[in-house]
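Asks: One file is attached below, protein_10.txt, containing compact mmCIF, C-alpha atoms and all ligand atoms.
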```
# COMPACT_ATOMS: atom_id res chain seq x y z
CA MET A 17 43.23 -157.97 55.82
CA LYS A 18 40.68 -155.50 57.14
CA LYS A 19 37.03 -155.80 56.07
CA VAL A 20 35.55 -152.36 56.69
CA PHE A 21 37.22 -149.32 55.15
CA ILE A 22 36.11 -145.92 56.38
CA PHE A 23 37.14 -143.00 54.19
CA LEU A 24 37.49 -139.61 55.83
CA GLY A 25 38.16 -136.59 53.74
CA PRO A 26 36.86 -133.14 52.92
CA PRO A 27 34.36 -132.71 50.07
CA GLY A 28 36.02 -133.03 46.64
CA SER A 29 39.18 -134.67 48.00
CA GLY A 30 38.95 -137.48 45.44
CA LYS A 31 37.50 -139.93 47.94
CA GLY A 32 34.78 -141.07 45.53
CA THR A 33 37.23 -141.99 42.78
CA GLN A 34 39.61 -143.84 45.09
CA THR A 35 36.86 -145.67 46.98
CA SER A 36 35.32 -146.91 43.71
CA ARG A 37 38.71 -148.23 42.57
CA LEU A 38 39.34 -149.97 45.86
CA ALA A 39 35.85 -151.47 45.86
CA ASP A 40 36.47 -152.89 42.37
CA LYS A 41 39.84 -154.28 43.35
CA LEU A 42 38.56 -155.92 46.54
CA SER A 43 35.16 -156.86 45.02
CA ILE A 44 33.26 -155.37 47.92
CA PRO A 45 30.50 -152.72 47.80
CA HIS A 46 31.25 -149.02 47.86
CA ILE A 47 28.67 -147.41 50.11
CA ASP A 48 28.45 -143.68 49.53
CA THR A 49 26.00 -142.00 51.92
CA GLY A 50 25.66 -138.86 49.78
CA SER A 51 24.48 -140.99 46.82
CA LEU A 52 22.19 -143.10 49.02
CA LEU A 53 20.60 -139.90 50.33
CA ARG A 54 20.29 -138.34 46.86
CA LYS A 55 18.64 -141.57 45.65
CA ASN A 56 16.11 -141.26 48.48
CA ILE A 57 15.45 -137.65 47.45
CA GLN A 58 14.98 -138.68 43.82
CA ASP A 59 12.58 -141.46 44.84
CA GLU A 60 10.78 -139.01 47.16
CA THR A 61 10.96 -141.41 50.12
CA GLU A 62 10.05 -140.19 53.59
CA LEU A 63 13.75 -140.07 54.52
CA GLY A 64 14.59 -138.27 51.28
CA ILE A 65 12.03 -135.54 51.91
CA ILE A 66 13.55 -134.84 55.34
CA ALA A 67 17.14 -135.01 54.01
CA LYS A 68 16.61 -132.61 51.12
CA GLY A 69 16.40 -129.39 53.15
CA PHE A 70 19.67 -130.18 54.94
CA ILE A 71 21.59 -131.24 51.84
CA ASP A 72 20.53 -128.17 49.86
CA LYS A 73 22.07 -125.93 52.55
CA GLY A 74 25.29 -127.96 52.93
CA ASN A 75 24.36 -129.15 56.45
CA LEU A 76 24.51 -132.70 57.77
CA VAL A 77 21.20 -134.56 57.73
CA PRO A 78 19.96 -135.68 61.18
CA LEU A 79 21.53 -138.74 62.80
CA ASN A 80 18.41 -140.93 62.73
CA VAL A 81 17.96 -140.33 58.98
CA VAL A 82 21.51 -141.22 58.02
CA THR A 83 21.75 -144.22 60.36
CA SER A 84 18.47 -145.64 58.97
CA VAL A 85 19.80 -145.37 55.43
CA ILE A 86 23.15 -146.96 56.39
CA LYS A 87 21.69 -149.78 58.47
CA GLU A 88 19.34 -150.76 55.67
CA ARG A 89 22.36 -151.02 53.38
CA LEU A 90 24.77 -152.88 55.71
CA VAL A 91 22.43 -155.79 56.35
CA GLN A 92 22.32 -156.64 52.63
CA PRO A 93 23.96 -159.97 51.68
CA ASP A 94 26.58 -158.30 49.45
CA CYS A 95 28.06 -156.67 52.59
CA ALA A 96 28.92 -160.02 54.21
CA GLU A 97 32.58 -159.98 53.13
CA GLY A 98 33.22 -156.33 53.88
CA TYR A 99 32.54 -152.89 52.41
CA ILE A 100 33.82 -149.40 51.94
CA LEU A 101 32.11 -146.54 53.73
CA ASP A 102 32.42 -143.23 51.95
CA GLY A 103 30.90 -140.23 53.72
CA PHE A 104 29.86 -142.07 56.87
CA PRO A 105 30.57 -141.57 59.70
CA ARG A 106 30.89 -137.82 59.40
CA SER A 107 30.88 -136.92 63.10
CA VAL A 108 31.90 -138.51 66.38
CA GLU A 109 28.21 -139.03 67.14
CA GLN A 110 27.86 -140.99 63.88
CA ALA A 111 31.01 -143.03 64.62
CA GLU A 112 29.49 -144.07 67.93
CA ALA A 113 26.26 -144.95 66.11
CA LEU A 114 28.27 -147.00 63.59
CA ASP A 115 29.81 -148.97 66.42
CA GLY A 116 26.27 -149.79 67.60
CA ILE A 117 25.10 -150.70 64.08
CA LEU A 118 28.07 -153.06 63.60
CA GLN A 119 27.28 -154.78 66.88
CA GLU A 120 23.64 -155.18 65.84
CA VAL A 121 24.54 -156.56 62.42
CA GLY A 122 27.07 -158.83 64.15
CA ARG A 123 29.57 -159.28 61.32
CA PHE A 124 32.46 -156.93 62.09
CA THR A 125 33.78 -154.69 64.86
CA LEU A 126 35.38 -151.27 64.50
CA LYS A 127 38.49 -152.14 66.51
CA GLU A 128 39.28 -155.51 64.92
CA ASP A 129 38.01 -155.25 61.36
CA ALA A 130 37.98 -151.58 60.37
CA MET A 131 40.56 -149.18 58.98
CA ALA A 132 39.89 -145.42 58.83
CA ILE A 133 41.72 -143.68 55.99
CA TYR A 134 42.13 -139.94 56.38
CA PHE A 135 42.70 -137.83 53.24
CA ASP A 136 45.32 -135.22 54.01
CA ILE A 137 44.81 -132.27 51.61
CA ASP A 138 44.56 -128.45 51.46
CA ASN A 139 41.00 -127.04 51.70
CA GLU A 140 41.27 -124.05 49.29
CA LEU A 141 42.49 -126.33 46.49
CA LEU A 142 39.42 -128.43 47.11
CA ILE A 143 36.90 -125.58 46.91
CA GLN A 144 38.24 -124.80 43.42
CA ARG A 145 37.94 -128.48 42.48
CA LEU A 146 34.38 -128.72 43.73
CA ILE A 147 32.99 -125.78 41.83
CA ASN A 148 34.53 -127.16 38.63
CA ARG A 149 33.16 -130.66 39.15
CA ARG A 150 30.57 -131.97 36.68
CA SER A 151 28.90 -135.36 36.57
CA CYS A 152 26.88 -137.31 34.07
CA PRO A 153 23.29 -137.72 35.29
CA LYS A 154 22.94 -140.87 33.15
CA CYS A 155 26.05 -143.01 33.75
CA GLY A 156 27.52 -141.26 36.82
CA THR A 157 30.96 -140.50 35.32
CA ILE A 158 32.63 -137.60 37.13
CA TYR A 159 34.68 -134.90 35.37
CA ASN A 160 36.55 -131.81 36.41
CA LEU A 161 36.52 -128.90 33.97
CA ILE A 162 40.13 -128.08 34.90
CA SER A 163 41.93 -131.32 35.80
CA ASN A 164 39.86 -133.95 33.98
CA PRO A 165 37.66 -132.27 31.33
CA PRO A 166 35.40 -134.19 28.93
CA LYS A 167 36.51 -134.28 25.28
CA ILE A 168 33.53 -132.15 24.26
CA MET A 169 32.87 -129.41 26.80
CA ASP A 170 29.85 -130.20 29.00
CA TYR A 171 29.04 -133.58 27.38
CA CYS A 172 29.82 -137.06 28.75
CA ASP A 173 32.58 -138.93 26.84
CA ILE A 174 30.84 -142.22 27.45
CA CYS A 175 27.16 -141.62 26.75
CA ASP A 176 27.07 -138.09 25.27
CA THR A 177 24.61 -136.83 27.91
CA LYS A 178 24.81 -133.17 29.00
CA LEU A 179 26.82 -132.95 32.24
CA THR A 180 25.37 -131.37 35.35
CA LEU A 181 26.70 -129.46 38.35
CA ARG A 182 25.49 -130.87 41.64
CA LYS A 183 23.15 -128.39 43.34
CA ASP A 184 25.40 -128.28 46.42
CA ASP A 185 28.61 -127.67 44.41
CA ASN A 186 28.05 -123.92 43.94
CA GLU A 187 30.62 -121.82 45.79
CA GLU A 188 28.45 -120.68 48.69
CA VAL A 189 27.22 -124.17 49.54
CA ALA A 190 30.70 -125.65 48.92
CA ARG A 191 32.13 -123.27 51.55
CA ALA A 192 29.35 -124.18 53.98
CA ARG A 193 30.20 -127.86 53.49
CA PHE A 194 33.81 -127.12 54.47
CA VAL A 195 32.75 -125.34 57.63
CA THR A 196 30.62 -128.39 58.46
CA TYR A 197 33.54 -130.68 57.68
CA GLU A 198 35.94 -128.84 59.98
CA LYS A 199 33.44 -128.70 62.79
CA GLU A 200 31.89 -132.16 62.59
CA THR A 201 34.17 -134.48 60.64
CA ALA A 202 37.72 -133.34 61.42
CA PRO A 203 37.36 -134.48 65.10
CA LEU A 204 37.00 -138.05 63.80
CA TYR A 205 40.73 -137.97 63.10
CA GLU A 206 41.41 -138.03 66.87
CA TYR A 207 38.58 -140.45 67.53
CA PHE A 208 39.93 -143.11 65.17
CA LYS A 209 43.51 -142.41 66.20
CA GLN A 210 42.59 -143.15 69.81
CA LEU A 211 40.92 -146.35 68.66
CA GLY A 212 44.17 -147.31 66.91
CA ILE A 213 42.65 -147.74 63.43
CA LEU A 214 43.65 -144.48 61.71
CA GLU A 215 45.82 -144.33 58.57
CA GLU A 216 46.83 -141.05 56.89
CA LEU A 217 46.76 -140.79 53.13
CA LYS A 218 48.66 -138.04 51.35
CA ALA A 219 45.99 -136.88 48.89
CA ASP A 220 47.24 -133.77 47.08
CA GLY A 221 48.72 -135.57 44.06
CA SER A 222 47.19 -136.93 40.85
CA ILE A 223 44.55 -139.66 40.88
CA SER A 224 47.17 -142.32 40.12
CA GLU A 225 49.60 -141.05 42.79
CA ILE A 226 46.87 -141.13 45.42
CA TRP A 227 45.89 -144.62 44.28
CA GLU A 228 49.48 -145.84 44.74
CA ASN A 229 49.56 -144.33 48.25
CA LEU A 230 46.24 -145.94 49.05
CA LYS A 231 47.29 -149.40 47.87
CA GLU A 232 50.37 -149.20 50.08
CA ILE A 233 48.21 -148.44 53.10
CA VAL A 234 45.58 -151.10 52.41
CA PHE A 235 47.76 -153.97 51.21
CA ASP A 236 50.96 -153.44 53.23
CA GLU A 237 49.50 -153.07 56.67
P1 LIG B 301 28.52 -135.97 49.67
O1 LIG B 301 27.96 -136.49 48.40
O2 LIG B 301 29.23 -137.02 50.46
O3 LIG B 301 29.34 -134.72 49.51
O4 LIG B 301 27.27 -135.55 50.58
C1 LIG B 301 26.36 -134.57 50.16
C2 LIG B 301 25.50 -134.12 51.33
O5 LIG B 301 24.76 -135.24 51.85
C3 LIG B 301 26.26 -133.57 52.52
O6 LIG B 301 26.61 -132.20 52.36
C4 LIG B 301 25.24 -133.78 53.64
O7 LIG B 301 24.21 -132.81 53.58
C5 LIG B 301 24.62 -135.12 53.26
N1 LIG B 301 25.33 -136.26 53.89
C6 LIG B 301 26.12 -137.17 53.26
N2 LIG B 301 26.61 -138.06 54.15
C7 LIG B 301 26.13 -137.68 55.36
C8 LIG B 301 26.30 -138.16 56.69
N3 LIG B 301 27.08 -139.20 56.98
N4 LIG B 301 25.65 -137.52 57.69
C9 LIG B 301 24.85 -136.45 57.45
N5 LIG B 301 24.67 -135.94 56.23
C10 LIG B 301 25.29 -136.53 55.19
```
Show me this structure written as structure tokens.
Ligand code: AMP
Replies:
Amino acid sequence: MKKVFIFLGPPGSGKGTQTSRLADKLSIPHIDTGSLLRKNIQDETELGIIAKGFIDKGNLVPLNVVTSVIKERLVQPDCAEGYILDGFPRSVEQAEALDGILQEVGRFTLKEDAMAIYFDIDNELLIQRLINRRSCPKCGTIYNLISNPPKIMDYCDICDTKLTLRKDDNEEVARARFVTYEKETAPLYEYFKQLGILEELKADGSISEIWENLKEIVFDE
């Protein structure tokens, strides 16, 4: 069984939902770079202040910022048995940096211990999903006004807090994030294929269909 799961997929492809499920099932941490960065922004850390300008425009934050945040996380004791990386690496440059970080940490290697799972899905469908996405600022539950709406419009089913739209989920920024994805992240498909660790996940179905496909890939390899 692999120890490091790298999820590659365009924004809004359902990666977050599937990675959380897999993390629960395997009892390993789900490391989501976007959330780690947003936490740094909220806490007004030095890294967060630098990251904010890039995130607000839908651009990738600089390599040294994201690698610092990731390295800090991967050395934690709860990462000793493996982890799921969601949103990192997002470019070939970052994949090479990850290789270096893994060597430094000394627990796992990309070639032996990692599996890269690529979400195969149509972009236009995703832009519509993104601009209809809402999340609960209190408990983190994610909704979609079209495919997974809350029972009472705009309020969280679990804690009744008013739902929010992420600042970078408006249409203009969402489109910019896709351009970034195609330019920076899509080339990782070839990179991981060459390395022999790429798996393709058909990701245009319902949450439970994607989950079934994912389990097949992870548990039947
Ligand atoms: P996400 O929540 O994964 O959609 O990420 C939100 C934003 O955080 C992205 O649009 C980027 O600006 C930034 N971000 C997240 N992960 C990375 C990464 N690996 N490298 C650079 N920027 C990132």
Asks: Residues within 6 Å of ligand LIG 301 (chain B) (all atoms listed in the file), as a ChimeraX atom specification?
Replies: /A:27,49-51,70-71,74-77,82,103-106,193
Asks: Can you check which parts of segment 54-157 of chain A lie within 12 Å of segment 233-237 of chain A? Per residue, the shortest pair of atoms and distance in Å to one decimal, counting all atoms listed in the file, sorted by chain and number, as a tab-separated table.
Replies:
```
residue	atom	partner	partner_atom	distance
A:Ile100	CA	A:Val234	CA	11.9
A:Ala130	CA	A:Val234	CA	11.0
A:Met131	CA	A:Val234	CA	8.5
A:Ala132	CA	A:Val234	CA	10.3
A:Ile133	CA	A:Ile233	CA	8.6
A:Tyr134	CA	A:Ile233	CA	11.0
A:Phe135	CA	A:Ile233	CA	12.0
```
Asks: Mind dumping a table of every segment 81-156 of chain A residue within 10 Å of segment 176-179 of chain A, with the nearest atom pair and its distance in Å to one decimal, using all atoms listed in the file, sorted by chain and rising number, as CSV?
Replies:
```
residue,atom,partner,partner_atom,distance
A:Arg149,CA,A:Leu179,CA,9.7
A:Arg150,CA,A:Leu179,CA,5.9
A:Ser151,CA,A:Leu179,CA,5.4
A:Cys152,CA,A:Leu179,CA,4.7
A:Pro153,CA,A:Leu179,CA,6.7
A:Lys154,CA,A:Thr177,CA,6.8
A:Cys155,CA,A:Thr177,CA,8.6
A:Gly156,CA,A:Leu179,CA,9.5
```
Asks: Once 3 Å is added on each side, what are the centre and the three edge lengths, in Å to one decimal, of the axis-aligned box enclosing the listed atoms of segment 117-128 of chain A? Present them as lines of an AutoDock Vina configuration file.
Replies:
```
center_x = 31.5
center_y = -155.0
center_z = 64.1
size_x = 21.6
size_y = 14.6
size_z = 11.6
```
Asks: Would you mind listing what lies within 9 Å of Leu53 of chain A as an MDAnalysis selection string, with only C-alpha atoms counted and same-chain residues fewer than 6 positions away left out?
Replies: chainID A and resid 63:64 67:68 71 82 85
Asks: May I have the residues from that selection written out with C-alpha atoms, as a JSON list (two decimals), in the frame of the given file?
Replies:
```json
[["chain", "number", "residue", "atom", "x", "y", "z"],
["A", 63, "LEU", "CA", 13.75, -140.07, 54.52],
["A", 64, "GLY", "CA", 14.59, -138.27, 51.28],
["A", 67, "ALA", "CA", 17.14, -135.01, 54.01],
["A", 68, "LYS", "CA", 16.61, -132.61, 51.12],
["A", 71, "ILE", "CA", 21.59, -131.24, 51.84],
["A", 82, "VAL", "CA", 21.51, -141.22, 58.02],
["A", 85, "VAL", "CA", 19.80, -145.37, 55.43]]
```
Asks: Distance atom CA of Gln110 of chain A-atom CA of Thr83 of chain A, one decimal place?
Replies: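 According to the coordinates, atom CA of Gln110 of chain A and atom CA of Thr83 of chain A are separated by 7.8 Å.
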Asks: Smallest atom-to-atom distance to Lys218 of chain A: which of A:Leu230, A:Ser163, A:Glu187, A:Pro26, using all atoms listed in the file?
Replies: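 For Lys218 of chain A, the nearest of the candidates is A:Leu230.
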Asks: Just the number, please: distance in Å from atom CA of Ile162 of chain A to atom CA of Gln144 of chain A, one decimal.
Replies: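 According to the coordinates, atom CA of Ile162 of chain A and atom CA of Gln144 of chain A are separated by 9.3 Å.
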Asks: Work out how far atom CA of Thr61 of chain A is from atom CA of Gly98 of chain A, in Å to one decimal.
Replies: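 Between atom CA of Gly98 of chain A and atom CA of Thr61 of chain A the gap works out to 27.1 Å.
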Asks: I'd like to know which of A:Ala96, A:Pro165, A:Asp136, A:Lys127 is closest to Lys209 of chain A, using all atoms listed in the file.
Replies: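 Once distances to Lys209 of chain A are computed over all atoms listed in the file, the minimum belongs to A:Lys127.
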Asks: Using only C-alpha atoms, find the one residue out of A:Ile22, A:Ile44, A:Val189, A:Gln119 that sits nearest to Glu215 of chain A.
Replies: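 Among the listed residues, the smallest separation from Glu215 of chain A belongs to A:Ile22.
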Asks: Which of these, A:Leu52, A:Val195, A:Ala190, A:Ala39, has the shortest distance to Leu142 of chain A once you count all atoms listed in the file?
Replies: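 Nearest to Leu142 of chain A: A:Ala190.
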Asks: Select all residues near (37.8, -149.7, 68.1) (cut-off 8 Å, inclusive, file coordinates), counting only C-alpha atoms, and output them as a PyMOL selection string.
Replies: chain A and resi 125-128+130+208+211-213
Asks: With all atoms listed in the file as the basis for distance, which of A:Lys73, A:Lys18, A:Arg182, A:Arg89 is at the shortest distance from His46 of chain A?
Replies: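 Going through A:Lys73, A:Lys18, A:Arg182, A:Arg89 one by one, the smallest distance to His46 of chain A is for A:Arg89.
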Asks: Closest to Ala219 of chain A among A:Asp185, A:Glu198, A:Asp138, A:Glu206, using all atoms listed in the file?
Replies: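 Selected residue with least distance to Ala219 of chain A: A:Asp138.
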